[in-house]
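Have a look at the structure below before the remarks.
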Amino acid sequence: MKIALIAHDGKKADMVHFLSGFRDALHSAEIDLVATGTTGKHIEKAGFEVNRLLSGPMGGDAQIAAMAAEKQLAAVIFFRDPLDKHPHEPDVQMLMRICDVHNIPLATNPASAELMFKALTQTYGT
Ligand SMILES: O=C(CO)COP(=O)(O)O
């Protein structure tokens, strides 16, 4: 299964911390990670394999939305920073809307991501 990962700058450390808690599952399981550009760099640095797309403000959120619309994603984990402004806010809203349109599981904070991830790894037997 393919899981998309996105984190705003103020949440990138949270994303790496979150993934580190699932390191064994991520290394052993049949999980493909895809991420927006800068988020992906942080994830790679932490020792995970990830397919990096464009940076969010340059269209990365839109690329992930397209994958969601084409049902290529089992889930989207998007750690948004609610205390910061983003020039590409329309893309952020669009991504979340597309997840809702296509009923793609979407977690926007670590607590929900953890619940979702545990459920997914059980469902997929990983
Ligand atoms: O801006 C983002 C999400 O809206 C994330 O993009 P980066 O991972 O390239 O920082």
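By order in the structure tokens, chains are A, B, ...; within a chain, residues start at 1; ligands start at 1, following the order shown.
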
If you count only C-alpha atoms and all ligand atoms, which residues end up within 8 Å of ligand 1, as an NGL selection string? :A and (6-9 or 35-41 or 54-58 or 60-61 or 78 or 80 or 86 or 88-89 or 91-92)

Considering only strand (DSSP E or B) as DSSP defines it on the backbone, what residues of stretch 12-90 of chain A qualify? List them as a ChimeraX atom specification. /A:32-35,51-52,75-79

Write out as an MDAnalysis selection string the residues lying within 7 Å of A:Asp81, counting only C-alpha atoms and excluding same-chain residues fewer than 3 positions away. chainID A and resid 8 10:11 84

Export, as a compact mmCIF listing (two decimals), in the first residue's frame, the selected residues with C-alpha atoms.
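Wrote part_24.txt, looks like this:
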```txt
# COMPACT_ATOMS: atom_id res chain seq x y z
CA HIS A 8 4.41 21.91 7.02
CA GLY A 10 6.71 23.61 11.81
CA LYS A 11 5.65 19.96 11.80
CA ASP A 84 1.35 29.47 10.29
```

For a quick check of understanding, using only C-alpha atoms, which of A:Lys85, A:Lys71, A:Lys45, A:Lys118 has the smallest distance to A:Ile104? A:Lys71

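Between A:Asn51 and the residues A:Ala13, A:Ala4, A:Ala69, A:Ile77, the shortest atom-to-atom distance, using only C-alpha atoms, involves A:Ala4.
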
Using only C-alpha atoms: which of A:Asn103, A:Ser20, A:Thr108, A:Gln63 has the shortest distance to A:Pro82: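 Checking each of A:Asn103, A:Ser20, A:Thr108, A:Gln63 against A:Pro82, counting only C-alpha atoms, the winner is A:Thr108.
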
Two-atom distance - atom CA of A:Phe22, atom CA of A:His42 (Å):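 Going from atom CA of A:Phe22 over to atom CA of A:His42, I get 15.8 Å.
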
Considering only helix (DSSP H, G or I) as DSSP defines it on the backbone, what residues of chain A qualify? List them as a VMD selection string. chain A and resid 9 to 20 23 to 28 37 to 45 56 to 58 60 to 69 89 to 101 110 to 123

Restricting the output to C-alpha atoms, write the selected residues as a PDB file, in the first residue's frame.
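Once written, again23.pdb looks like this:
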```pdb
ATOM      1  CA  ASP A   9       7.756  23.297   8.157  1.00  0.00           C
ATOM      2  CA  GLY A  10       6.710  23.612  11.808  1.00  0.00           C
ATOM      3  CA  LYS A  11       5.648  19.963  11.798  1.00  0.00           C
ATOM      4  CA  LYS A  12       8.448  18.216   9.945  1.00  0.00           C
ATOM      5  CA  ALA A  13      10.172  17.137  13.148  1.00  0.00           C
ATOM      6  CA  ASP A  14       6.840  15.714  14.335  1.00  0.00           C
ATOM      7  CA  MET A  15       6.573  13.717  11.102  1.00  0.00           C
ATOM      8  CA  VAL A  16      10.036  12.194  11.515  1.00  0.00           C
ATOM      9  CA  HIS A  17       9.287  11.428  15.154  1.00  0.00           C
ATOM     10  CA  PHE A  18       5.987   9.815  14.176  1.00  0.00           C
ATOM     11  CA  LEU A  19       7.608   7.606  11.525  1.00  0.00           C
ATOM     12  CA  SER A  20      10.404   6.603  13.880  1.00  0.00           C
ATOM     13  CA  ARG A  23      10.308   2.065  11.986  1.00  0.00           C
ATOM     14  CA  ASP A  24      10.035  -1.735  12.186  1.00  0.00           C
ATOM     15  CA  ALA A  25       6.665  -1.831  10.437  1.00  0.00           C
ATOM     16  CA  LEU A  26       7.874   0.569   7.775  1.00  0.00           C
ATOM     17  CA  HIS A  27      11.017  -1.415   7.053  1.00  0.00           C
ATOM     18  CA  SER A  28       9.394  -4.823   7.049  1.00  0.00           C
ATOM     19  CA  GLY A  37       9.713  17.459  -1.591  1.00  0.00           C
ATOM     20  CA  THR A  38      11.052  18.943   1.616  1.00  0.00           C
ATOM     21  CA  THR A  39       9.123  16.615   3.869  1.00  0.00           C
ATOM     22  CA  GLY A  40      10.619  13.762   1.850  1.00  0.00           C
ATOM     23  CA  LYS A  41      14.141  15.091   2.375  1.00  0.00           C
ATOM     24  CA  HIS A  42      13.662  15.002   6.146  1.00  0.00           C
ATOM     25  CA  ILE A  43      12.202  11.511   5.954  1.00  0.00           C
ATOM     26  CA  GLU A  44      15.106  10.255   3.841  1.00  0.00           C
ATOM     27  CA  LYS A  45      17.619  11.788   6.224  1.00  0.00           C
ATOM     28  CA  GLY A  56       4.292  21.601  -1.531  1.00  0.00           C
ATOM     29  CA  PRO A  57       4.222  25.243  -2.622  1.00  0.00           C
ATOM     30  CA  MET A  58       5.495  24.219  -6.078  1.00  0.00           C
ATOM     31  CA  GLY A  60       3.533  18.743  -4.425  1.00  0.00           C
ATOM     32  CA  ASP A  61       0.200  18.919  -2.603  1.00  0.00           C
ATOM     33  CA  ALA A  62      -1.536  18.937  -5.978  1.00  0.00           C
ATOM     34  CA  GLN A  63       0.455  15.870  -7.095  1.00  0.00           C
ATOM     35  CA  ILE A  64      -0.641  14.005  -3.976  1.00  0.00           C
ATOM     36  CA  ALA A  65      -4.235  15.111  -4.527  1.00  0.00           C
ATOM     37  CA  ALA A  66      -4.059  13.667  -8.055  1.00  0.00           C
ATOM     38  CA  MET A  67      -2.827  10.345  -6.655  1.00  0.00           C
ATOM     39  CA  ALA A  68      -5.690  10.368  -4.134  1.00  0.00           C
ATOM     40  CA  ALA A  69      -8.217  11.083  -6.880  1.00  0.00           C
ATOM     41  CA  GLU A  89      -3.374  27.371   1.094  1.00  0.00           C
ATOM     42  CA  PRO A  90      -5.730  26.728  -1.863  1.00  0.00           C
ATOM     43  CA  ASP A  91      -3.705  23.591  -2.671  1.00  0.00           C
ATOM     44  CA  VAL A  92      -3.853  22.476   0.963  1.00  0.00           C
ATOM     45  CA  GLN A  93      -7.642  22.840   0.991  1.00  0.00           C
ATOM     46  CA  MET A  94      -7.888  21.115  -2.369  1.00  0.00           C
ATOM     47  CA  LEU A  95      -5.919  18.108  -1.152  1.00  0.00           C
ATOM     48  CA  MET A  96      -8.129  17.704   1.888  1.00  0.00           C
ATOM     49  CA  ARG A  97     -11.264  18.143  -0.213  1.00  0.00           C
ATOM     50  CA  ILE A  98     -10.129  15.492  -2.705  1.00  0.00           C
ATOM     51  CA  CYS A  99      -9.492  13.061   0.174  1.00  0.00           C
ATOM     52  CA  ASP A 100     -13.062  13.657   1.331  1.00  0.00           C
ATOM     53  CA  VAL A 101     -14.491  13.348  -2.171  1.00  0.00           C
ATOM     54  CA  PRO A 110       0.032  12.634  15.184  1.00  0.00           C
ATOM     55  CA  ALA A 111      -2.720  11.289  17.451  1.00  0.00           C
ATOM     56  CA  SER A 112      -5.042  10.516  14.553  1.00  0.00           C
ATOM     57  CA  ALA A 113      -2.174   9.344  12.361  1.00  0.00           C
ATOM     58  CA  GLU A 114      -1.143   6.820  14.993  1.00  0.00           C
ATOM     59  CA  LEU A 115      -4.636   5.355  15.234  1.00  0.00           C
ATOM     60  CA  MET A 116      -4.942   5.245  11.468  1.00  0.00           C
ATOM     61  CA  PHE A 117      -1.526   3.713  10.939  1.00  0.00           C
ATOM     62  CA  LYS A 118      -2.131   0.964  13.492  1.00  0.00           C
ATOM     63  CA  ALA A 119      -5.471   0.131  11.859  1.00  0.00           C
ATOM     64  CA  LEU A 120      -3.932   0.112   8.388  1.00  0.00           C
ATOM     65  CA  THR A 121      -1.024  -2.147   9.296  1.00  0.00           C
ATOM     66  CA  GLN A 122      -3.474  -4.588  10.914  1.00  0.00           C
ATOM     67  CA  THR A 123      -5.850  -4.483   7.969  1.00  0.00           C
TER      68      THR A 123
END
```

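One distance worth recording is that between atom CA of A:Gly21 and atom CA of A:Pro105, which is 19.7 Å.
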